[in-house]
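To be precise, the following lines are coords11.cif, and they hold mmCIF, C-alpha atoms and all ligand atoms.
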```
data_work
#
loop_
_atom_site.label_atom_id
_atom_site.label_comp_id
_atom_site.auth_asym_id
_atom_site.auth_seq_id
_atom_site.Cartn_x
_atom_site.Cartn_y
_atom_site.Cartn_z
CA MET A 1429 166.82 -16.42 50.58
CA PHE A 1430 167.43 -20.17 50.71
CA ALA A 1431 171.22 -19.68 50.69
CA PRO A 1432 171.72 -16.44 52.64
CA ARG A 1433 175.51 -16.57 52.60
CA GLU A 1434 175.52 -16.63 48.79
CA TRP A 1435 173.82 -13.22 48.57
CA ASP A 1436 175.87 -10.33 47.20
CA VAL A 1437 174.63 -7.89 49.83
CA ALA A 1438 176.47 -4.82 48.53
CA ARG A 1439 175.27 -5.31 44.94
CA THR A 1440 171.67 -5.95 46.05
CA ALA A 1441 171.69 -2.82 48.20
CA SER A 1442 173.13 -0.72 45.40
CA LEU A 1443 170.57 -1.98 42.83
CA ALA A 1444 167.70 -1.35 45.26
CA ALA A 1445 168.93 2.20 45.81
CA GLU A 1446 169.44 2.80 42.07
CA TYR A 1447 165.86 1.73 41.22
CA ASP A 1448 164.24 3.02 44.43
CA LEU A 1449 163.03 -0.42 45.50
CA ALA A 1450 162.08 -1.63 48.97
CA ILE A 1451 163.35 -5.11 49.82
CA SER A 1452 161.57 -7.97 51.49
CA ALA A 1453 162.71 -11.59 51.54
CA SER A 1454 161.19 -15.00 51.84
CA LEU A 1455 162.43 -18.54 52.13
CA GLY A 1456 161.30 -22.02 53.05
CA LEU A 1457 163.16 -24.12 55.60
CA THR A 1458 164.63 -27.54 54.88
CA ASP A 1459 164.90 -30.57 57.19
CA GLU A 1460 168.48 -29.52 58.02
CA VAL A 1461 167.38 -26.12 59.40
CA ASN A 1462 163.94 -27.02 60.71
CA ILE A 1463 163.16 -24.88 63.78
CA SER A 1464 160.11 -27.10 64.47
CA SER A 1465 162.20 -30.26 64.68
CA GLU A 1466 161.98 -32.57 67.70
CA ASP A 1467 165.81 -32.59 67.65
CA GLU A 1468 167.40 -29.72 69.63
CA ASP A 1469 170.52 -29.46 67.45
CA THR A 1470 168.37 -29.09 64.33
CA VAL A 1471 166.30 -26.35 65.99
CA ARG A 1472 169.53 -24.53 66.91
CA ARG A 1473 170.85 -24.82 63.33
CA GLY A 1474 167.54 -23.45 62.06
CA GLU A 1475 167.66 -20.50 64.42
CA GLU A 1476 171.22 -19.71 63.33
CA HIS A 1477 170.13 -19.90 59.68
CA LEU A 1478 167.22 -17.49 60.20
CA THR A 1479 169.34 -15.19 62.36
CA THR A 1480 171.81 -14.92 59.46
CA VAL A 1481 168.91 -14.06 57.14
CA LEU A 1482 167.69 -11.37 59.57
CA GLN A 1483 171.17 -9.85 59.77
CA ILE A 1484 171.47 -9.71 55.97
CA LEU A 1485 168.02 -8.11 55.68
CA HIS A 1486 169.08 -5.53 58.24
CA GLU A 1487 172.19 -4.74 56.18
CA LEU A 1488 169.90 -4.32 53.15
CA GLY A 1489 167.63 -1.94 55.05
CA SER A 1490 164.72 -4.38 54.73
CA SER A 1491 161.88 -4.52 57.23
CA TYR A 1492 160.08 -7.74 56.20
CA LEU A 1493 160.91 -11.44 56.40
CA CYS A 1494 158.23 -13.90 55.28
CA GLY A 1495 157.70 -17.34 53.82
CA VAL A 1496 157.66 -20.84 55.24
CA ILE A 1497 160.05 -19.88 58.03
CA TYR A 1498 158.42 -22.09 60.68
CA GLY A 1499 159.13 -25.54 59.25
CA PRO A 1500 160.35 -27.53 56.26
CA MET A 1501 158.69 -26.58 52.98
CA LYS A 1502 157.87 -30.05 51.66
CA LYS A 1503 155.20 -32.73 51.67
CA ARG A 1504 155.13 -34.41 55.10
CA MET A 1505 153.83 -37.95 55.46
CA GLY A 1506 152.11 -37.43 58.83
CA PRO A 1507 150.54 -34.72 60.98
CA VAL A 1508 152.69 -32.29 62.96
CA THR A 1509 153.39 -33.37 66.57
CA GLU A 1510 152.77 -31.32 69.71
CA LEU A 1511 156.50 -31.20 70.42
CA GLU A 1512 157.21 -29.90 66.90
CA VAL A 1513 154.64 -27.13 67.37
CA ARG A 1514 156.05 -26.22 70.79
CA ASN A 1515 159.66 -26.15 69.57
CA GLY A 1516 158.76 -24.05 66.52
CA GLN A 1517 156.76 -21.52 68.52
CA ALA A 1518 159.54 -21.16 71.11
CA ALA A 1519 162.16 -20.62 68.39
CA LEU A 1520 159.95 -18.09 66.58
CA GLY A 1521 159.44 -16.18 69.84
CA ARG A 1522 163.23 -15.82 70.19
CA LEU A 1523 163.68 -14.94 66.49
CA ALA A 1524 160.90 -12.33 66.67
CA ALA A 1525 162.75 -10.66 69.56
CA THR A 1526 165.94 -10.55 67.45
CA ALA A 1527 163.96 -9.20 64.50
CA GLU A 1528 162.34 -6.55 66.69
CA GLY A 1529 165.79 -5.23 67.60
CA LEU A 1530 166.60 -4.95 63.88
CA GLY A 1531 163.30 -3.25 62.97
CA ILE A 1532 162.08 -6.28 61.00
CA ARG A 1533 158.51 -7.66 60.90
CA MET A 1534 157.91 -11.35 60.23
CA GLY A 1535 155.05 -13.08 58.39
CA LEU A 1536 154.48 -16.84 58.57
CA GLU A 1537 153.29 -17.97 55.15
CA ILE A 1538 150.20 -20.16 55.21
CA VAL A 1539 150.71 -22.77 52.48
CA ASN A 1540 148.87 -25.79 51.13
CA ARG A 1541 148.94 -29.29 52.62
CA TYR A 1542 151.58 -30.54 50.15
CA GLU A 1543 154.12 -27.95 51.38
CA THR A 1544 153.63 -28.06 55.17
CA ASN A 1545 151.65 -29.89 57.86
CA ILE A 1546 151.78 -26.90 60.27
CA LEU A 1547 149.87 -23.90 58.84
CA ASN A 1548 147.38 -24.59 56.02
CA THR A 1549 144.67 -22.03 56.91
CA ALA A 1550 144.38 -18.48 58.21
CA ALA A 1551 142.48 -19.74 61.27
CA GLN A 1552 145.38 -22.04 62.19
CA ALA A 1553 147.90 -19.24 61.71
CA VAL A 1554 145.94 -16.83 63.90
CA ASP A 1555 145.89 -19.36 66.77
CA TYR A 1556 149.58 -20.13 66.24
CA VAL A 1557 150.85 -16.53 66.28
CA ARG A 1558 148.54 -15.53 69.16
CA GLN A 1559 150.12 -18.28 71.26
CA ILE A 1560 153.58 -16.86 70.49
CA GLY A 1561 152.40 -13.34 71.28
CA ALA A 1562 155.11 -11.27 69.54
CA GLY A 1563 153.98 -7.87 68.23
CA ASN A 1564 156.14 -8.07 65.07
CA LEU A 1565 155.19 -11.66 64.13
CA GLY A 1566 152.03 -12.38 62.17
CA ALA A 1567 150.52 -14.21 59.22
CA HIS A 1568 151.40 -14.11 55.52
CA LEU A 1569 148.54 -14.98 53.14
CA ASP A 1570 149.11 -16.25 49.59
CA THR A 1571 146.17 -16.40 47.17
CA TYR A 1572 147.56 -19.49 45.40
CA HIS A 1573 147.50 -21.48 48.65
CA MET A 1574 144.21 -19.93 49.85
CA ASN A 1575 142.59 -21.10 46.61
CA ILE A 1576 143.48 -24.70 47.57
CA GLU A 1577 142.73 -24.72 51.31
CA GLU A 1578 140.30 -21.94 52.30
CA PRO A 1579 136.48 -21.83 52.00
CA ASP A 1580 136.68 -18.62 49.94
CA MET A 1581 139.03 -15.69 49.28
CA PHE A 1582 137.29 -13.16 51.56
CA THR A 1583 136.71 -14.58 55.06
CA PRO A 1584 140.33 -15.67 55.73
CA VAL A 1585 141.49 -12.07 55.23
CA VAL A 1586 138.91 -10.84 57.73
CA ALA A 1587 139.79 -13.64 60.17
CA ALA A 1588 143.53 -12.87 59.99
CA ALA A 1589 143.19 -9.07 59.76
CA ASP A 1590 144.65 -8.22 63.19
CA HIS A 1591 147.71 -10.39 62.49
CA LEU A 1592 148.14 -9.93 58.74
CA GLU A 1593 151.70 -8.83 57.91
CA TYR A 1594 152.25 -9.76 54.29
CA VAL A 1595 150.43 -10.84 51.10
CA HIS A 1596 151.51 -12.91 48.09
CA ILE A 1597 149.43 -12.59 44.94
CA GLY A 1598 149.59 -15.76 42.86
CA GLU A 1599 147.27 -17.35 40.29
CA SER A 1600 145.86 -20.89 40.65
CA HIS A 1601 148.50 -22.25 38.24
CA ARG A 1602 151.16 -19.72 39.35
CA GLY A 1603 151.21 -18.02 35.94
CA TYR A 1604 149.78 -14.72 34.55
CA LEU A 1605 147.22 -13.08 36.84
CA GLY A 1606 143.65 -13.29 35.55
CA THR A 1607 144.21 -16.49 33.55
CA GLY A 1608 143.31 -18.94 36.35
CA SER A 1609 140.56 -19.61 38.86
CA VAL A 1610 141.51 -17.36 41.84
CA ASP A 1611 138.68 -15.00 42.87
CA PHE A 1612 140.83 -11.86 43.08
CA GLY A 1613 137.77 -9.58 43.27
CA ALA A 1614 136.76 -11.03 46.65
CA PHE A 1615 140.35 -11.00 47.89
CA PHE A 1616 141.02 -7.33 47.08
CA ARG A 1617 137.62 -6.30 48.51
CA ALA A 1618 138.62 -8.02 51.76
CA LEU A 1619 142.00 -6.22 51.82
CA GLN A 1620 140.12 -2.94 51.40
CA LEU A 1621 137.62 -3.84 54.12
CA VAL A 1622 140.31 -4.60 56.73
CA GLY A 1623 142.49 -1.65 55.66
CA PHE A 1624 145.59 -3.77 55.00
CA ASP A 1625 148.60 -1.52 54.40
CA GLY A 1626 151.50 -4.01 54.33
CA PRO A 1627 153.39 -5.33 51.30
CA ILE A 1628 151.36 -6.89 48.47
CA VAL A 1629 153.83 -8.88 46.41
CA PHE A 1630 153.40 -10.82 43.17
CA GLU A 1631 154.74 -14.37 43.10
CA SER A 1632 155.05 -16.66 40.08
CA PHE A 1633 157.26 -19.52 39.01
CA SER A 1634 158.89 -20.82 35.86
CA SER A 1635 161.87 -23.14 35.64
CA ALA A 1636 163.19 -20.76 32.96
CA VAL A 1637 164.02 -18.27 35.72
CA VAL A 1638 163.64 -19.78 39.20
CA ASP A 1639 166.33 -21.71 41.08
CA PRO A 1640 166.25 -25.44 40.04
CA GLN A 1641 165.96 -26.76 43.60
CA LEU A 1642 163.05 -24.44 44.43
CA THR A 1643 161.38 -25.31 41.13
CA ALA A 1644 161.54 -29.01 42.03
CA THR A 1645 160.28 -28.45 45.59
CA LEU A 1646 157.26 -26.54 44.29
CA GLY A 1647 156.51 -28.99 41.46
CA ILE A 1648 156.92 -26.54 38.58
CA TRP A 1649 156.79 -29.20 35.87
CA ARG A 1650 155.45 -26.98 33.07
CA ASN A 1651 156.17 -23.36 32.32
CA LEU A 1652 153.45 -20.78 31.66
CA TRP A 1653 155.96 -18.05 30.84
CA ARG A 1654 159.61 -17.37 30.06
CA ASP A 1655 159.76 -13.56 29.92
CA SER A 1656 159.90 -12.38 33.54
CA ALA A 1657 159.91 -8.66 32.64
CA ASP A 1658 156.66 -8.97 30.68
CA LEU A 1659 155.11 -11.11 33.43
CA ALA A 1660 156.10 -8.64 36.18
CA SER A 1661 154.92 -5.62 34.25
CA HIS A 1662 151.54 -7.28 33.66
CA ALA A 1663 151.22 -8.24 37.35
CA ASN A 1664 152.15 -4.72 38.47
CA THR A 1665 149.37 -3.25 36.33
CA TYR A 1666 146.88 -5.94 37.38
CA ILE A 1667 147.48 -5.44 41.13
CA ARG A 1668 147.55 -1.63 41.01
CA THR A 1669 144.34 -1.62 38.98
CA ALA A 1670 142.62 -3.96 41.45
CA LEU A 1671 143.73 -1.83 44.43
CA ARG A 1672 142.53 1.35 42.71
CA SER A 1673 139.16 -0.27 41.91
CA VAL A 1674 138.41 -1.33 45.49
CA GLU A 1675 139.30 2.15 46.75
CA THR A 1676 136.13 3.37 45.03
CA ILE A 1677 133.78 1.19 47.08
CA SER A 1678 133.01 2.22 50.60
CA LEU A 1679 133.23 -0.87 52.77
CA HIS A 1680 134.06 0.90 56.04
MN MN B 1701 153.91 -17.45 48.41
#
```
Starting from the coordinates I provided, produce the structure as structure tokens.
Amino acid sequence: MFAPREWDVARTASLAAEYDLAISASLGLTDEVNISSEDEDTVRRGEEHLTTVLQILHELGSSYLCGVIYGPMKKRMGPVTELEVRNGQAALGRLAATAEGLGIRMGLEIVNRYETNILNTAAQAVDYVRQIGAGNLGAHLDTYHMNIEEPDMFTPVVAAADHLEYVHIGESHRGYLGTGSVDFGAFFRALQLVGFDGPIVFESFSSAVVDPQLTATLGIWRNLWRDSADLASHANTYIRTALRSVETISLH
């Protein structure tokens, strides 16, 4: 939801109802709406932007907002400053209160070092959200990013379990599941162990389908697929099969 005001809310709601789909939304912030900025006006613009997104989600009957909603989704050329962290956490505390009133839970997506300098690991995210201390604000894990930054695919899930709100399933090259190097077996066993019951959502990119600006931000320079229906159907089967498999092992 990079451009919330461009959404056709009524049409989205009607399609979701027609196909019996639950809605969640994600976005990444830009420098113009960076709630972790050292500049107060920019923080305020960012909060207004995310408040608009929350209001639209409420109109759609959605209960989840996730993504890189704590800072700009881009390569930064230096480490995050203490003031940036403080400003971002304060803004997120206020936004979580707004979200709470609308029945919406929020997950901060942990992404790789080339897309943020704030949250690259589950351990960092746990510290960050504990300091904010909002009951409806937690972490959002993505296997694509975990595969770059974490020691393995199991321990981060256990470490973040008490604060885990949302999961993105993505392959190491962001294409068809099972054709890259992500250790999905370990990841799904960890989800089973901690009893995660939030949304588990497939994510993949191809410039044939995805918004050009987002494609450029994420560096999608080669396409592994063009047929999104075939891709989604395959991912649906892959994820449901993995979840059914780990149900058969008793980890509790
Ligand atoms: Mn993701």
Residues within 8 Å of ligand MN 1701 (chain B), counting only C-alpha atoms and all ligand atoms: report them as a ChimeraX atom specification. /A:1495,1537,1539,1569-1573,1595-1598,1631
Residues near A:Asn1651, cut-off 12 Å, all atoms listed in the file, skip fewer than 2 positions along chain, as a ChimeraX atom specification: /A:1601-1604,1632-1638,1643,1647-1649,1653-1656
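Environment of (163.3, -19.6, 55.3): residues at most 7 Å away, judged by only C-alpha atoms, are Met1429, Phe1430, Ser1454, Leu1455, Gly1456, Leu1457, Leu1478, Gly1495, Val1496 and Ile1497 of chain A.
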Surrounding residues of stretch 1558-1565 of chain A excluding itself and chain neighbours under 6 positions, 12 Å, all atoms listed in the file, as number ranges by chain: A: 1491-1494, 1497-1498, 1513-1537, 1551-1552, 1588, 1590-1594
Provide the atom CA of A:Gln1641 to atom CA of A:Arg1473 distance in Å, to one decimal place. 20.4 Å
Using all atoms listed in the file: which of A:Ser1661, A:Thr1645, A:Asn1462, A:Gln1620 has the shortest distance to A:Glu1675: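 Once distances to A:Glu1675 are computed over all atoms listed in the file, the minimum belongs to A:Gln1620.
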For A:Thr1509, which residue among A:Val1471, A:Val1585, A:Leu1485, A:Ile1546 is the nearest when counting only C-alpha atoms?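 Looking at the shortest contact to A:Thr1509, the residue is A:Ile1546.
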Return the single residue from A:Asp1555, A:Asp1658, A:Asp1639, A:Glu1466 that is closest to A:Glu1510, with distances computed using all atoms listed in the file.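 Looking at the shortest contact to A:Glu1510, the residue is A:Glu1466.
Atom CA of A:Thr1665 sits 27.5 Å away from atom CA of A:Pro1579.
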Atom-to-atom span, atom CA of A:Leu1646 and atom CA of A:Val1481, Å: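 Between atom CA of A:Leu1646 and atom CA of A:Val1481 the gap is 21.4 Å.
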A:Ala1453, A:Ala1618, A:Leu1605, A:Val1508: which is nearest A:Thr1544, counting all atoms listed in the file? A:Val1508
Pick the closest to A:Ala1445 from A:Thr1669, A:Ser1490, A:Asn1664, A:Ser1464: which is it, counting all atoms listed in the file? A:Ser1490
Within 12 Å of (174.5, -0.8, 52.5), only C-alpha atoms: residues as a PyMOL selection string? chain A and resi 1436-1445+1484-1490
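Among the candidates A:Glu1468, A:Glu1543, A:Glu1434, A:Asp1611, the residue lying nearest to A:Met1581 is A:Asp1611 (atoms considered: all atoms listed in the file).
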Report as JSON, numbers by chain all protein, DNA and RNA residues lying within 7 Å of A:Ala1550, evaluated on all atoms listed in the file, omitting residues in the same chain fewer than 4 positions from it. {"A": [1538, 1554, 1584, 1587, 1588]}
Considering all atoms listed in the file, return as number ranges by chain whatever protein or nucleic-acid residues lie within 7 Å of A:Ser1600, sequence-local ones (same chain, fewer than 6 positions apart) excluded. A: 1572, 1575, 1608-1610
Quick one: stretch 1513-1557 of chain A from the block, C-alpha atoms, as a PDB file, in the first residue's frame.
```pdb
ATOM      1  CA  VAL A1513      15.482   5.008  16.728  1.00  0.00           C
ATOM      2  CA  ARG A1514      13.848   7.121  19.439  1.00  0.00           C
ATOM      3  CA  ASN A1515      11.668   9.049  16.975  1.00  0.00           C
ATOM      4  CA  GLY A1516      10.583   5.875  15.190  1.00  0.00           C
ATOM      5  CA  GLN A1517       9.696   4.053  18.399  1.00  0.00           C
ATOM      6  CA  ALA A1518       7.694   7.032  19.698  1.00  0.00           C
ATOM      7  CA  ALA A1519       5.763   7.309  16.419  1.00  0.00           C
ATOM      8  CA  LEU A1520       5.077   3.564  16.354  1.00  0.00           C
ATOM      9  CA  GLY A1521       3.775   3.715  19.928  1.00  0.00           C
ATOM     10  CA  ARG A1522       1.232   6.355  18.860  1.00  0.00           C
ATOM     11  CA  LEU A1523       0.332   4.467  15.655  1.00  0.00           C
ATOM     12  CA  ALA A1524      -0.120   1.202  17.586  1.00  0.00           C
ATOM     13  CA  ALA A1525      -2.618   2.974  19.855  1.00  0.00           C
ATOM     14  CA  THR A1526      -4.558   4.172  16.778  1.00  0.00           C
ATOM     15  CA  ALA A1527      -4.409   0.667  15.300  1.00  0.00           C
ATOM     16  CA  GLU A1528      -5.622  -0.844  18.564  1.00  0.00           C
ATOM     17  CA  GLY A1529      -8.750   1.303  18.376  1.00  0.00           C
ATOM     18  CA  LEU A1530      -9.380  -0.023  14.847  1.00  0.00           C
ATOM     19  CA  GLY A1531      -8.769  -3.676  15.777  1.00  0.00           C
ATOM     20  CA  ILE A1532      -5.563  -3.849  13.715  1.00  0.00           C
ATOM     21  CA  ARG A1533      -2.331  -5.675  14.650  1.00  0.00           C
ATOM     22  CA  MET A1534       1.008  -4.447  13.313  1.00  0.00           C
ATOM     23  CA  GLY A1535       4.135  -6.404  12.352  1.00  0.00           C
ATOM     24  CA  LEU A1536       7.492  -4.723  11.737  1.00  0.00           C
ATOM     25  CA  GLU A1537       9.181  -6.560   8.883  1.00  0.00           C
ATOM     26  CA  ILE A1538      12.779  -7.540   9.559  1.00  0.00           C
ATOM     27  CA  VAL A1539      14.632  -7.077   6.264  1.00  0.00           C
ATOM     28  CA  ASN A1540      18.184  -7.390   4.986  1.00  0.00           C
ATOM     29  CA  ARG A1541      20.922  -4.779   5.356  1.00  0.00           C
ATOM     30  CA  TYR A1542      20.409  -3.416   1.823  1.00  0.00           C
ATOM     31  CA  GLU A1543      16.798  -2.429   2.600  1.00  0.00           C
ATOM     32  CA  THR A1544      17.094  -0.938   6.111  1.00  0.00           C
ATOM     33  CA  ASN A1545      19.685  -0.091   8.761  1.00  0.00           C
ATOM     34  CA  ILE A1546      17.152  -0.458  11.628  1.00  0.00           C
ATOM     35  CA  LEU A1547      15.899  -4.077  11.902  1.00  0.00           C
ATOM     36  CA  ASN A1548      17.995  -6.788  10.203  1.00  0.00           C
ATOM     37  CA  THR A1549      17.535  -9.643  12.714  1.00  0.00           C
ATOM     38  CA  ALA A1550      14.821 -11.123  14.910  1.00  0.00           C
ATOM     39  CA  ALA A1551      16.896 -10.352  18.021  1.00  0.00           C
ATOM     40  CA  GLN A1552      17.007  -6.656  17.099  1.00  0.00           C
ATOM     41  CA  ALA A1553      13.268  -6.597  16.436  1.00  0.00           C
ATOM     42  CA  VAL A1554      12.446  -8.233  19.768  1.00  0.00           C
ATOM     43  CA  ASP A1555      14.448  -5.570  21.651  1.00  0.00           C
ATOM     44  CA  TYR A1556      12.888  -2.813  19.541  1.00  0.00           C
ATOM     45  CA  VAL A1557       9.238  -3.825  20.035  1.00  0.00           C
TER      46      VAL A1557
END
```
